[in-house]
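Chemist: Just model_34.txt, nothing more (compact mmCIF, N, CA and C atoms):
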# COMPACT_ATOMS: atom_id res chain seq x y z
N MET D 1 108.11 -87.51 68.74
CA MET D 1 108.03 -86.08 68.99
C MET D 1 107.03 -85.46 68.02
N ARG D 2 106.17 -84.59 68.54
CA ARG D 2 105.16 -83.95 67.71
C ARG D 2 105.80 -82.88 66.84
N PRO D 3 105.28 -82.70 65.62
CA PRO D 3 105.84 -81.66 64.75
C PRO D 3 105.51 -80.27 65.29
N SER D 4 106.43 -79.35 65.10
CA SER D 4 106.22 -77.97 65.51
C SER D 4 105.68 -77.20 64.31
N TYR D 5 104.47 -76.69 64.44
CA TYR D 5 103.86 -75.96 63.34
C TYR D 5 104.34 -74.52 63.34
N PRO D 6 104.33 -73.89 62.18
CA PRO D 6 104.77 -72.49 62.10
C PRO D 6 103.89 -71.59 62.98
N LEU D 7 104.46 -70.46 63.33
CA LEU D 7 103.75 -69.50 64.17
C LEU D 7 102.46 -69.03 63.51
N ALA D 8 102.48 -68.83 62.21
CA ALA D 8 101.27 -68.39 61.50
C ALA D 8 100.15 -69.41 61.66
N ALA D 9 100.47 -70.68 61.63
CA ALA D 9 99.45 -71.72 61.76
C ALA D 9 98.86 -71.72 63.17
N ARG D 10 99.71 -71.56 64.16
CA ARG D 10 99.21 -71.57 65.54
C ARG D 10 98.36 -70.34 65.84
N LEU D 11 98.86 -69.16 65.46
CA LEU D 11 98.09 -67.95 65.71
C LEU D 11 96.82 -67.91 64.88
N GLY D 12 96.91 -68.34 63.63
CA GLY D 12 95.73 -68.36 62.76
C GLY D 12 94.64 -69.25 63.30
N ALA D 13 95.01 -70.40 63.82
CA ALA D 13 94.02 -71.32 64.37
C ALA D 13 93.34 -70.72 65.60
N ILE D 14 94.09 -70.04 66.43
CA ILE D 14 93.52 -69.41 67.62
C ILE D 14 92.54 -68.31 67.22
N ILE D 15 92.96 -67.47 66.29
CA ILE D 15 92.11 -66.35 65.86
C ILE D 15 90.83 -66.87 65.22
N LEU D 16 90.95 -67.83 64.31
CA LEU D 16 89.75 -68.35 63.65
C LEU D 16 88.84 -69.09 64.63
N GLY D 17 89.40 -69.74 65.62
CA GLY D 17 88.58 -70.42 66.62
C GLY D 17 87.72 -69.44 67.40
N PHE D 18 88.31 -68.37 67.85
CA PHE D 18 87.53 -67.37 68.58
C PHE D 18 86.56 -66.63 67.66
N GLU D 19 86.99 -66.39 66.45
CA GLU D 19 86.11 -65.70 65.49
C GLU D 19 84.90 -66.57 65.15
N ALA D 20 85.07 -67.88 65.13
CA ALA D 20 83.95 -68.78 64.85
C ALA D 20 82.86 -68.61 65.90
N ILE D 21 83.25 -68.47 67.16
CA ILE D 21 82.27 -68.26 68.22
C ILE D 21 81.53 -66.95 68.02
N VAL D 22 82.27 -65.90 67.70
CA VAL D 22 81.66 -64.58 67.52
C VAL D 22 80.73 -64.57 66.30
N VAL D 23 81.13 -65.24 65.23
CA VAL D 23 80.30 -65.28 64.03
C VAL D 23 79.00 -66.04 64.29
N PHE D 24 79.07 -67.14 65.02
CA PHE D 24 77.85 -67.87 65.36
C PHE D 24 76.92 -67.00 66.20
N LEU D 25 77.48 -66.31 67.18
CA LEU D 25 76.67 -65.41 68.00
C LEU D 25 76.12 -64.26 67.16
N GLY D 26 76.88 -63.82 66.17
CA GLY D 26 76.40 -62.78 65.25
C GLY D 26 75.22 -63.27 64.44
N GLY D 27 75.24 -64.54 64.02
CA GLY D 27 74.10 -65.11 63.32
C GLY D 27 72.86 -65.13 64.20
N MET D 28 73.07 -65.43 65.47
CA MET D 28 71.94 -65.41 66.40
C MET D 28 71.42 -63.99 66.61
N MET D 29 72.32 -63.02 66.56
CA MET D 29 71.92 -61.62 66.70
C MET D 29 71.06 -61.20 65.51
N VAL D 30 71.49 -61.58 64.30
CA VAL D 30 70.72 -61.25 63.10
C VAL D 30 69.34 -61.91 63.17
N TYR D 31 69.29 -63.13 63.69
CA TYR D 31 68.01 -63.82 63.87
C TYR D 31 67.13 -63.05 64.86
N GLY D 32 67.69 -62.67 65.97
CA GLY D 32 66.92 -61.97 66.99
C GLY D 32 66.41 -60.62 66.54
N LEU D 33 67.19 -59.95 65.70
CA LEU D 33 66.78 -58.63 65.19
C LEU D 33 65.97 -58.74 63.91
N ASN D 34 65.75 -59.97 63.45
CA ASN D 34 65.03 -60.23 62.20
C ASN D 34 65.66 -59.43 61.06
N GLY D 35 66.99 -59.55 60.96
CA GLY D 35 67.74 -58.76 59.99
C GLY D 35 67.94 -59.42 58.64
N THR D 36 67.23 -60.50 58.37
CA THR D 36 67.37 -61.15 57.07
C THR D 36 66.60 -60.38 56.02
N PRO D 37 66.97 -60.54 54.75
CA PRO D 37 66.25 -59.84 53.68
C PRO D 37 64.78 -60.27 53.62
N PRO D 38 63.92 -59.43 53.07
CA PRO D 38 62.50 -59.79 52.96
C PRO D 38 62.31 -61.10 52.19
N GLY D 39 61.46 -61.94 52.69
CA GLY D 39 61.19 -63.22 52.04
C GLY D 39 62.06 -64.36 52.54
N VAL D 40 63.08 -64.05 53.32
CA VAL D 40 63.97 -65.09 53.87
C VAL D 40 63.60 -65.27 55.34
N PRO D 41 63.26 -66.49 55.75
CA PRO D 41 62.93 -66.70 57.17
C PRO D 41 64.12 -66.36 58.06
N ALA D 42 63.83 -65.79 59.21
CA ALA D 42 64.89 -65.31 60.12
C ALA D 42 65.77 -66.44 60.62
N TRP D 43 65.25 -67.67 60.71
CA TRP D 43 66.06 -68.76 61.22
C TRP D 43 67.22 -69.12 60.31
N TRP D 44 67.19 -68.65 59.06
CA TRP D 44 68.33 -68.89 58.16
C TRP D 44 69.59 -68.17 58.66
N ALA D 45 69.41 -67.12 59.44
CA ALA D 45 70.58 -66.41 59.99
C ALA D 45 71.35 -67.31 60.94
N ILE D 46 70.64 -68.10 61.74
CA ILE D 46 71.31 -69.04 62.65
C ILE D 46 72.05 -70.10 61.84
N ILE D 47 71.40 -70.62 60.79
CA ILE D 47 72.03 -71.64 59.95
C ILE D 47 73.28 -71.06 59.29
N ALA D 48 73.18 -69.84 58.76
CA ALA D 48 74.33 -69.21 58.10
C ALA D 48 75.47 -68.99 59.09
N GLY D 49 75.16 -68.51 60.30
CA GLY D 49 76.19 -68.32 61.32
C GLY D 49 76.84 -69.62 61.72
N LEU D 50 76.04 -70.68 61.84
CA LEU D 50 76.57 -71.99 62.20
C LEU D 50 77.47 -72.54 61.10
N VAL D 51 77.03 -72.43 59.85
CA VAL D 51 77.83 -72.94 58.73
C VAL D 51 79.15 -72.18 58.64
N LEU D 52 79.09 -70.85 58.76
CA LEU D 52 80.32 -70.06 58.69
C LEU D 52 81.25 -70.39 59.86
N ALA D 53 80.69 -70.62 61.04
CA ALA D 53 81.51 -70.99 62.20
C ALA D 53 82.18 -72.34 61.99
N VAL D 54 81.44 -73.31 61.44
CA VAL D 54 82.03 -74.64 61.18
C VAL D 54 83.13 -74.53 60.12
N ILE D 55 82.90 -73.73 59.09
CA ILE D 55 83.94 -73.53 58.07
C ILE D 55 85.19 -72.92 58.69
N MET D 56 85.01 -71.97 59.60
CA MET D 56 86.16 -71.35 60.26
C MET D 56 86.93 -72.36 61.11
N ILE D 57 86.21 -73.24 61.77
CA ILE D 57 86.89 -74.26 62.58
C ILE D 57 87.67 -75.22 61.69
N VAL D 58 87.09 -75.59 60.54
CA VAL D 58 87.80 -76.47 59.60
C VAL D 58 89.04 -75.77 59.06
N VAL D 59 88.91 -74.50 58.69
CA VAL D 59 90.05 -73.76 58.17
C VAL D 59 91.10 -73.56 59.27
N ALA D 60 90.67 -73.44 60.50
CA ALA D 60 91.64 -73.33 61.61
C ALA D 60 92.53 -74.56 61.66
N GLY D 61 91.96 -75.71 61.38
CA GLY D 61 92.76 -76.94 61.33
C GLY D 61 93.65 -77.01 60.10
N MET D 62 93.29 -76.28 59.06
CA MET D 62 94.08 -76.29 57.83
C MET D 62 95.16 -75.22 57.81
N CYS D 63 95.27 -74.42 58.85
CA CYS D 63 96.20 -73.28 58.85
C CYS D 63 97.66 -73.68 58.71
N ARG D 64 97.98 -74.94 58.92
CA ARG D 64 99.38 -75.36 58.77
C ARG D 64 99.78 -75.47 57.31
N PHE D 65 98.79 -75.37 56.40
CA PHE D 65 99.05 -75.39 54.96
C PHE D 65 98.83 -73.99 54.40
N ARG D 66 99.48 -73.72 53.29
CA ARG D 66 99.33 -72.40 52.64
C ARG D 66 97.88 -72.15 52.24
N SER D 67 97.19 -73.20 51.80
CA SER D 67 95.79 -73.04 51.39
C SER D 67 94.91 -72.64 52.58
N GLY D 68 95.26 -73.08 53.77
CA GLY D 68 94.51 -72.69 54.96
C GLY D 68 94.68 -71.22 55.29
N ILE D 69 95.88 -70.70 55.10
CA ILE D 69 96.13 -69.28 55.34
C ILE D 69 95.35 -68.44 54.33
N ILE D 70 95.36 -68.87 53.06
CA ILE D 70 94.62 -68.14 52.04
C ILE D 70 93.12 -68.21 52.33
N ALA D 71 92.63 -69.37 52.73
CA ALA D 71 91.21 -69.50 53.08
C ALA D 71 90.86 -68.61 54.28
N GLY D 72 91.80 -68.43 55.19
CA GLY D 72 91.58 -67.52 56.32
C GLY D 72 91.40 -66.09 55.87
N TRP D 73 92.19 -65.67 54.89
CA TRP D 73 92.02 -64.32 54.33
C TRP D 73 90.65 -64.19 53.67
N VAL D 74 90.24 -65.22 52.95
CA VAL D 74 88.94 -65.19 52.28
C VAL D 74 87.82 -65.09 53.32
N LEU D 75 87.95 -65.82 54.41
CA LEU D 75 86.93 -65.77 55.46
C LEU D 75 86.84 -64.38 56.10
N GLN D 76 87.95 -63.69 56.19
CA GLN D 76 87.90 -62.33 56.72
C GLN D 76 87.07 -61.42 55.82
N VAL D 77 87.19 -61.62 54.51
CA VAL D 77 86.39 -60.84 53.56
C VAL D 77 84.91 -61.23 53.67
N VAL D 78 84.64 -62.52 53.86
CA VAL D 78 83.26 -62.98 54.00
C VAL D 78 82.61 -62.36 55.24
N VAL D 79 83.33 -62.29 56.33
CA VAL D 79 82.79 -61.67 57.54
C VAL D 79 82.50 -60.20 57.29
N LEU D 80 83.37 -59.53 56.56
CA LEU D 80 83.11 -58.13 56.23
C LEU D 80 81.87 -58.00 55.36
N ALA D 81 81.66 -58.95 54.46
CA ALA D 81 80.48 -58.93 53.60
C ALA D 81 79.20 -59.15 54.40
N CYS D 82 79.30 -59.78 55.55
CA CYS D 82 78.12 -60.00 56.41
C CYS D 82 77.58 -58.69 56.96
N ALA D 83 78.32 -57.61 56.79
CA ALA D 83 77.85 -56.30 57.26
C ALA D 83 76.61 -55.86 56.50
N VAL D 84 76.28 -56.53 55.41
CA VAL D 84 75.04 -56.24 54.69
C VAL D 84 73.84 -56.50 55.60
N PHE D 85 73.95 -57.49 56.47
CA PHE D 85 72.85 -57.86 57.35
C PHE D 85 72.82 -57.04 58.64
N ASN D 86 73.99 -56.70 59.15
CA ASN D 86 74.07 -55.89 60.36
C ASN D 86 75.44 -55.22 60.39
N LEU D 87 75.45 -53.93 60.65
CA LEU D 87 76.71 -53.19 60.63
C LEU D 87 77.68 -53.59 61.74
N ALA D 88 77.21 -54.33 62.71
CA ALA D 88 78.10 -54.80 63.77
C ALA D 88 79.19 -55.72 63.21
N PHE D 89 78.90 -56.34 62.08
CA PHE D 89 79.91 -57.22 61.47
C PHE D 89 81.11 -56.44 60.93
N VAL D 90 80.94 -55.15 60.69
CA VAL D 90 82.10 -54.32 60.31
C VAL D 90 83.09 -54.29 61.47
N PHE D 91 82.57 -54.10 62.67
CA PHE D 91 83.43 -54.10 63.86
C PHE D 91 84.12 -55.45 64.03
N VAL D 92 83.35 -56.54 63.87
CA VAL D 92 83.92 -57.89 63.99
C VAL D 92 85.01 -58.08 62.95
N ALA D 93 84.74 -57.65 61.71
CA ALA D 93 85.71 -57.81 60.63
C ALA D 93 86.97 -56.97 60.89
N LEU D 94 86.79 -55.78 61.42
CA LEU D 94 87.95 -54.94 61.70
C LEU D 94 88.81 -55.51 62.83
N VAL D 95 88.16 -55.99 63.88
CA VAL D 95 88.92 -56.52 65.01
C VAL D 95 89.63 -57.82 64.63
N PHE D 96 88.86 -58.80 64.14
CA PHE D 96 89.47 -60.10 63.84
C PHE D 96 90.31 -60.03 62.57
N GLY D 97 89.89 -59.24 61.58
CA GLY D 97 90.71 -59.07 60.38
C GLY D 97 92.03 -58.40 60.70
N GLY D 98 91.98 -57.43 61.61
CA GLY D 98 93.21 -56.77 62.04
C GLY D 98 94.14 -57.72 62.79
N MET D 99 93.55 -58.53 63.67
CA MET D 99 94.37 -59.52 64.37
C MET D 99 94.95 -60.53 63.39
N TRP D 100 94.13 -60.97 62.42
CA TRP D 100 94.59 -61.93 61.41
C TRP D 100 95.75 -61.35 60.61
N ALA D 101 95.57 -60.12 60.11
CA ALA D 101 96.62 -59.48 59.31
C ALA D 101 97.90 -59.30 60.13
N TYR D 102 97.77 -58.83 61.36
CA TYR D 102 98.94 -58.64 62.21
C TYR D 102 99.65 -59.97 62.46
N ALA D 103 98.88 -61.00 62.76
CA ALA D 103 99.49 -62.30 63.04
C ALA D 103 100.21 -62.86 61.83
N MET D 104 99.60 -62.75 60.65
CA MET D 104 100.21 -63.31 59.44
C MET D 104 101.46 -62.52 59.04
N ILE D 105 101.38 -61.20 59.11
CA ILE D 105 102.52 -60.37 58.72
C ILE D 105 103.67 -60.53 59.71
N THR D 106 103.36 -60.50 61.00
CA THR D 106 104.40 -60.61 62.01
C THR D 106 105.03 -62.00 62.01
N SER D 107 104.23 -63.04 61.84
CA SER D 107 104.81 -64.39 61.83
C SER D 107 105.69 -64.60 60.60
N ALA D 108 105.32 -64.01 59.47
CA ALA D 108 106.17 -64.11 58.28
C ALA D 108 107.50 -63.38 58.50
N ARG D 109 107.43 -62.22 59.15
CA ARG D 109 108.65 -61.46 59.43
C ARG D 109 109.55 -62.21 60.40
N LEU D 110 108.97 -62.78 61.44
CA LEU D 110 109.76 -63.54 62.40
C LEU D 110 110.35 -64.79 61.77
N SER D 111 109.62 -65.41 60.87
CA SER D 111 110.12 -66.59 60.18
C SER D 111 111.33 -66.24 59.30
N ARG D 112 111.26 -65.10 58.62
CA ARG D 112 112.39 -64.65 57.81
C ARG D 112 113.60 -64.34 58.68
N GLN D 113 113.36 -63.69 59.82
CA GLN D 113 114.47 -63.37 60.72
C GLN D 113 115.11 -64.62 61.28
N ARG D 114 114.30 -65.62 61.58
CA ARG D 114 114.82 -66.88 62.13
C ARG D 114 115.68 -67.59 61.09
N GLN D 115 115.33 -67.48 59.82
CA GLN D 115 116.12 -68.13 58.78
C GLN D 115 117.46 -67.43 58.56
N ASP D 116 117.51 -66.13 58.84
CA ASP D 116 118.74 -65.37 58.65
C ASP D 116 119.76 -65.62 59.75
N VAL D 117 119.32 -66.03 60.93
CA VAL D 117 120.21 -66.26 62.07
C VAL D 117 120.82 -67.65 61.96
N PRO D 118 122.14 -67.76 62.01
CA PRO D 118 122.75 -69.10 61.92
C PRO D 118 122.46 -69.91 63.18
N ASP D 119 122.36 -71.21 63.02
CA ASP D 119 122.06 -72.11 64.14
C ASP D 119 123.34 -72.30 64.97
N THR D 120 123.32 -71.88 66.24
CA THR D 120 124.49 -71.98 67.12
C THR D 120 124.31 -73.05 68.16
N THR D 121 123.30 -73.90 68.00
CA THR D 121 123.05 -74.94 69.02
C THR D 121 123.88 -76.19 68.79
N GLU D 122 124.54 -76.28 67.67
CA GLU D 122 125.34 -77.48 67.40
C GLU D 122 126.61 -77.44 68.24
N SER D 123 126.91 -78.53 68.91
CA SER D 123 128.14 -78.61 69.69
C SER D 123 129.13 -79.47 68.94
N GLU D 124 130.38 -79.08 69.04
CA GLU D 124 131.42 -79.81 68.31
C GLU D 124 132.18 -80.72 69.20
Spell out the structure here as structure tokens.
Modeler:
Amino acid sequence: MRPSYPLAARLGAIILGFEAIVVFLGGMMVYGLNGTPPGVPAWWAIIAGLVLAVIMIVVAGMCRFRSGIIAGWVLQVVVLACAVFNLAFVFVALVFGGMWAYAMITSARLSRQRQDVPDTTESE
């Protein structure tokens, strides 16, 4: 039987997976708009978007551990910091950061409630 991962791990992996796609496309947007700082070739935006997307996919796999959840929070801040290159990343950070925060807070609350309820599935 496969192990059942906590709700936070499952939701976190889904959110980071979709966010990875958006971040990669955001890197392509910065490339297309030539939004890199002066002296930096525009193609570095694609590389940065790709690297950040791969990191998000790796962290999505780590979400079953506490360190993965913490790394997910850090990635939300990194996406917000990408707003230096294009303000559209503020919107991305608000949407996905909001989903991340809601998923983590709600899953923690549901986990606490589940622990408080006695197990009635045992038959005597």
Chemist: Compare D:Phe91, D:Phe85, D:Val54, D:Arg64 by their minimum atom-to-atom distance to Ile21 (chain D), counting only C-alpha atoms, and give me the closest one.
Modeler: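 When distances to Ile21 (chain D) are compared using only C-alpha atoms, the smallest one comes from D:Val54.
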Chemist: Excluding region 23-30 of chain D and residues on its chain fewer than 2 positions from it, collect all residues at most 5 Å away from it, counting all atoms listed in the file, and give them as a ChimeraX atom specification.
Modeler: /D:19-21,32-35,45-46,49-50
Chemist: Hey, what's within 12 Å of Ile70 (chain D) if we count only C-alpha atoms and toss same-chain stuff fewer than 5 positions away? As a list in words, please?
Modeler: Ala8, Ala9, Gly12, Val59, Ala60, Met62, Cys63, Arg64, Phe65, Leu75, Gln76, Val77, Trp100, Ala101 and Met104 of chain D
Chemist: Which distance in Å separates CA of Ile57 (chain D) and CA of Val40 (chain D), to one decimal?
Modeler: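 Result for CA of Ile57 (chain D) versus CA of Val40 (chain D): 26.2 Å, one decimal.
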Chemist: Do you know which residues lie at most 10 Å from (87.3, -63.6, 65.9), with coordinates as in the file and only C-alpha atoms counted, and could you write them as a list in words?
Modeler: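 Protein and nucleic acid residues near the point are Ile14, Ile15, Leu16, Gly17, Phe18, Glu19, Ala20, Ile21, Val22, Val23, Met56, Gln76, Val79, Val92, Ala93, Leu94, Val95, Phe96, Gly97, Gly98, Met99 and Trp100 of chain D.
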Chemist: Pick out each residue of region 39-73 of chain D that DSSP on the backbone tags as helix (DSSP H, G or I); I need them as number ranges by chain.
Modeler: D: 43-62, 66-73
Chemist: Which distance in Å separates CA of Arg114 (chain D) and CA of Pro6 (chain D), to one decimal?
Modeler: 11.5 Å
Chemist: Hey, which of D:Ile69, D:Ala42, D:Val90, D:Ala48 ends up closest to Ala13 (chain D)? Count only C-alpha atoms.
Modeler: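 That would be D:Ile69, the residue with the smallest distance to Ala13 (chain D).
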Chemist: Distance CA of Pro37 (chain D)-CA of Val84 (chain D), one decimal place?
Modeler: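 According to the coordinates, CA of Pro37 (chain D) and CA of Val84 (chain D) are separated by 9.6 Å.
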